[in-house]
Every structure is written in structure tokens, then in C-alpha cells.
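What follows is structure-v3.csv (CSV, C-alpha atoms).
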```
chain,number,residue,atom,x,y,z
A,1,MET,CA,0.0,0.0,0.0
A,2,MET,CA,1.3,3.4,-1.0
A,3,ASN,CA,1.5,6.2,1.6
A,4,ILE,CA,0.1,9.6,0.5
A,5,TYR,CA,1.4,12.8,2.0
A,6,LEU,CA,0.6,16.5,1.8
A,7,LEU,CA,3.3,19.1,1.3
A,8,LYS,CA,3.3,20.0,5.0
A,9,ASP,CA,3.8,16.3,5.8
A,10,ILE,CA,6.8,15.8,3.6
A,11,SER,CA,8.2,19.2,4.8
A,12,ARG,CA,8.1,18.0,8.4
A,13,MET,CA,9.4,14.5,7.6
A,14,SER,CA,12.3,15.7,5.4
A,15,GLY,CA,13.3,18.7,7.5
A,16,GLN,CA,12.9,21.0,4.5
A,17,SER,CA,10.7,24.1,4.6
A,18,THR,CA,7.5,24.3,2.5
A,19,TYR,CA,9.1,27.3,0.8
A,20,THR,CA,12.1,25.1,-0.3
A,21,LEU,CA,9.8,22.3,-1.5
A,22,LYS,CA,7.7,24.7,-3.6
A,23,PHE,CA,11.0,26.0,-5.1
A,24,TYR,CA,12.0,22.4,-5.9
A,25,LEU,CA,8.6,21.9,-7.5
A,26,LYS,CA,9.1,25.1,-9.6
A,27,MET,CA,12.5,23.9,-10.7
A,28,GLY,CA,11.4,20.4,-11.6
A,29,LEU,CA,13.4,18.7,-8.9
A,30,LEU,CA,10.3,17.4,-7.2
A,31,ARG,CA,7.0,16.4,-8.7
A,32,GLU,CA,3.6,15.9,-7.1
A,33,ILE,CA,1.7,12.8,-7.8
A,34,GLY,CA,-1.6,14.6,-7.9
A,35,ARG,CA,-3.8,17.3,-6.5
A,36,SER,CA,-7.1,17.4,-4.7
A,37,PRO,CA,-9.8,19.0,-7.0
A,38,GLU,CA,-11.6,20.4,-4.0
A,39,THR,CA,-8.7,21.9,-2.0
A,40,ASN,CA,-6.0,22.0,-4.6
A,41,TYR,CA,-3.6,20.4,-2.1
A,42,ARG,CA,-0.6,18.7,-3.6
A,43,TYR,CA,-0.1,15.0,-3.0
A,44,PHE,CA,3.2,13.2,-2.7
A,45,ASP,CA,4.2,9.6,-2.0
A,46,ASP,CA,7.1,7.7,-0.4
A,47,SER,CA,9.2,8.1,-3.6
A,48,SER,CA,8.9,11.8,-3.2
A,49,LEU,CA,10.2,11.6,0.3
A,50,GLU,CA,13.1,9.4,-0.8
A,51,LEU,CA,14.0,11.9,-3.5
A,52,LEU,CA,14.0,14.7,-1.0
A,53,ARG,CA,16.4,12.8,1.1
A,54,LYS,CA,18.7,12.3,-1.9
A,55,ILE,CA,18.5,16.0,-2.8
A,56,LYS,CA,19.3,17.0,0.8
A,57,GLN,CA,22.4,14.7,0.9
A,58,LEU,CA,23.6,16.0,-2.5
A,59,ARG,CA,23.2,19.6,-1.3
A,60,SER,CA,25.2,18.8,1.8
A,61,ASP,CA,27.9,17.3,-0.4
A,62,GLY,CA,28.1,20.8,-2.1
A,63,LEU,CA,26.3,20.2,-5.4
A,64,SER,CA,24.2,23.0,-6.9
A,65,LEU,CA,20.6,22.4,-7.7
A,66,LYS,CA,21.4,22.3,-11.4
A,67,GLU,CA,24.0,19.6,-10.8
A,68,ILE,CA,21.6,17.7,-8.7
A,69,GLY,CA,19.0,17.8,-11.4
A,70,LEU,CA,21.6,16.5,-13.9
A,71,ARG,CA,22.7,13.8,-11.5
A,72,LEU,CA,19.2,12.6,-10.8
A,73,ASN,CA,18.2,12.8,-14.5
A,74,LEU,CA,15.4,15.3,-13.9
```
Show how you would write the structure in this file as C-alpha cells.
Amino acid sequence: MMNIYLLKDISRMSGQSTYTLKFYLKMGLLREIGRSPETNYRYFDDSSLELLRKIKQLRSDGLSLKEIGLRLNL
């Protein structure tokens, strides 16, 4: 069974601010799996959370967001 999360959930779980996550969405580093038609909330899954962990690690290794996008083939 796949877990579904809201932006605030993956923000809390990943230690990244919602502002940072929205920036990653805008840059194409992170993708939502869907949106609620009623509330327009973004939905994410476990793979989104794993991707955020990889991005955070690569950032701490000193890579730029552009380099991370290239490395992750995004």
C-alpha cells in the first residue's frame, strides 16, 4: 500500500521548509503525484520523500541544484 502525504507532511518528515519544497517543484526537482480537486492540495508519496532525502544529501555534499537535477536525470 502506497502512503500519500501533503506538502506539510513531507516538509516535516524531510526537514525542508515548505518554501524550499515549492521552489524544488518550480525547478522540476520534485513532482507531485496529484492534486485534490476540492482543495488544490498537492499529494506526494514515499518516492517523493526518498527523492528529497537524496537532494538534501547532495546539497550537503556541495552540489548545486542544477548539478543535482543532472545527476538525478530530472
**OP:** For CA of Asp45 (chain A) and CA of Ile33 (chain A), determine how far apart the two atoms are, in Å to one decimal place.
**Re:** 7.1 Å
**OP:** Take CA of Lys66 (chain A) and CA of Ser47 (chain A) and report the distance between them in Å, one decimal.
**Re:** 20.3 Å
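The space between CA of Arg71 (chain A) and CA of Arg31 (chain A) spans 16.2 Å.
Shortest atom-to-atom contact with Leu70 (chain A) among A:Phe44, A:Gln57, A:Gly28, A:Thr18: A:Gly28, counting all atoms listed in the file.
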**OP:** Can you pull out every residue within 12 Å of Glu67 (chain A), counting only C-alpha atoms, but drop anything in the same chain fewer than 5 positions away, and send it as a PyMOL selection string?
**Re:** chain A and resi 29+55+58-59+61-62+72-74
Atoms kept (C-alpha atoms) for selection, written as a short mmCIF file (atom, residue, chain, number, x, y, z; two decimals), keeping the file's coordinate frame:
```
data_model
loop_
_atom_site.label_atom_id
_atom_site.label_comp_id
_atom_site.auth_asym_id
_atom_site.auth_seq_id
_atom_site.Cartn_x
_atom_site.Cartn_y
_atom_site.Cartn_z
CA LEU A 29 13.40 18.70 -8.90
CA ILE A 55 18.50 16.00 -2.80
CA LEU A 58 23.60 16.00 -2.50
CA ARG A 59 23.20 19.60 -1.30
CA ASP A 61 27.90 17.30 -0.40
CA GLY A 62 28.10 20.80 -2.10
CA LEU A 72 19.20 12.60 -10.80
CA ASN A 73 18.20 12.80 -14.50
CA LEU A 74 15.40 15.30 -13.90
#
```
Subject >> Selected residue of minimal separation from Asn40 (chain A) among A:Leu7, A:Met2, A:Leu65, A:Met13, counting all atoms listed in the file >> reply: A:Leu7
Original post:
Which residues come within 7 Å of Tyr43 (chain A), counting all atoms listed in the file, excluding same-chain residues fewer than 6 positions away, as a list in words?
Top reply: Ile4, Tyr5, Leu6, Leu7, Glu32, Ile33, Gly34 and Arg35 of chain A
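Nearest to Ser48 (chain A) of all the residues A:Ser64, A:Ser17, A:Ser36, A:Asp9 is A:Asp9, based on only C-alpha atoms.
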Please report, as JSON, the centre and edge lengths in Å to one decimal of an axis-aligned box covering all listed atoms of region 67-73 of chain A with 8 Å per side.
```
{"center_x": 21.1, "center_y": 16.1, "center_z": -11.6, "size_x": 21.8, "size_y": 23.0, "size_z": 21.8}
```
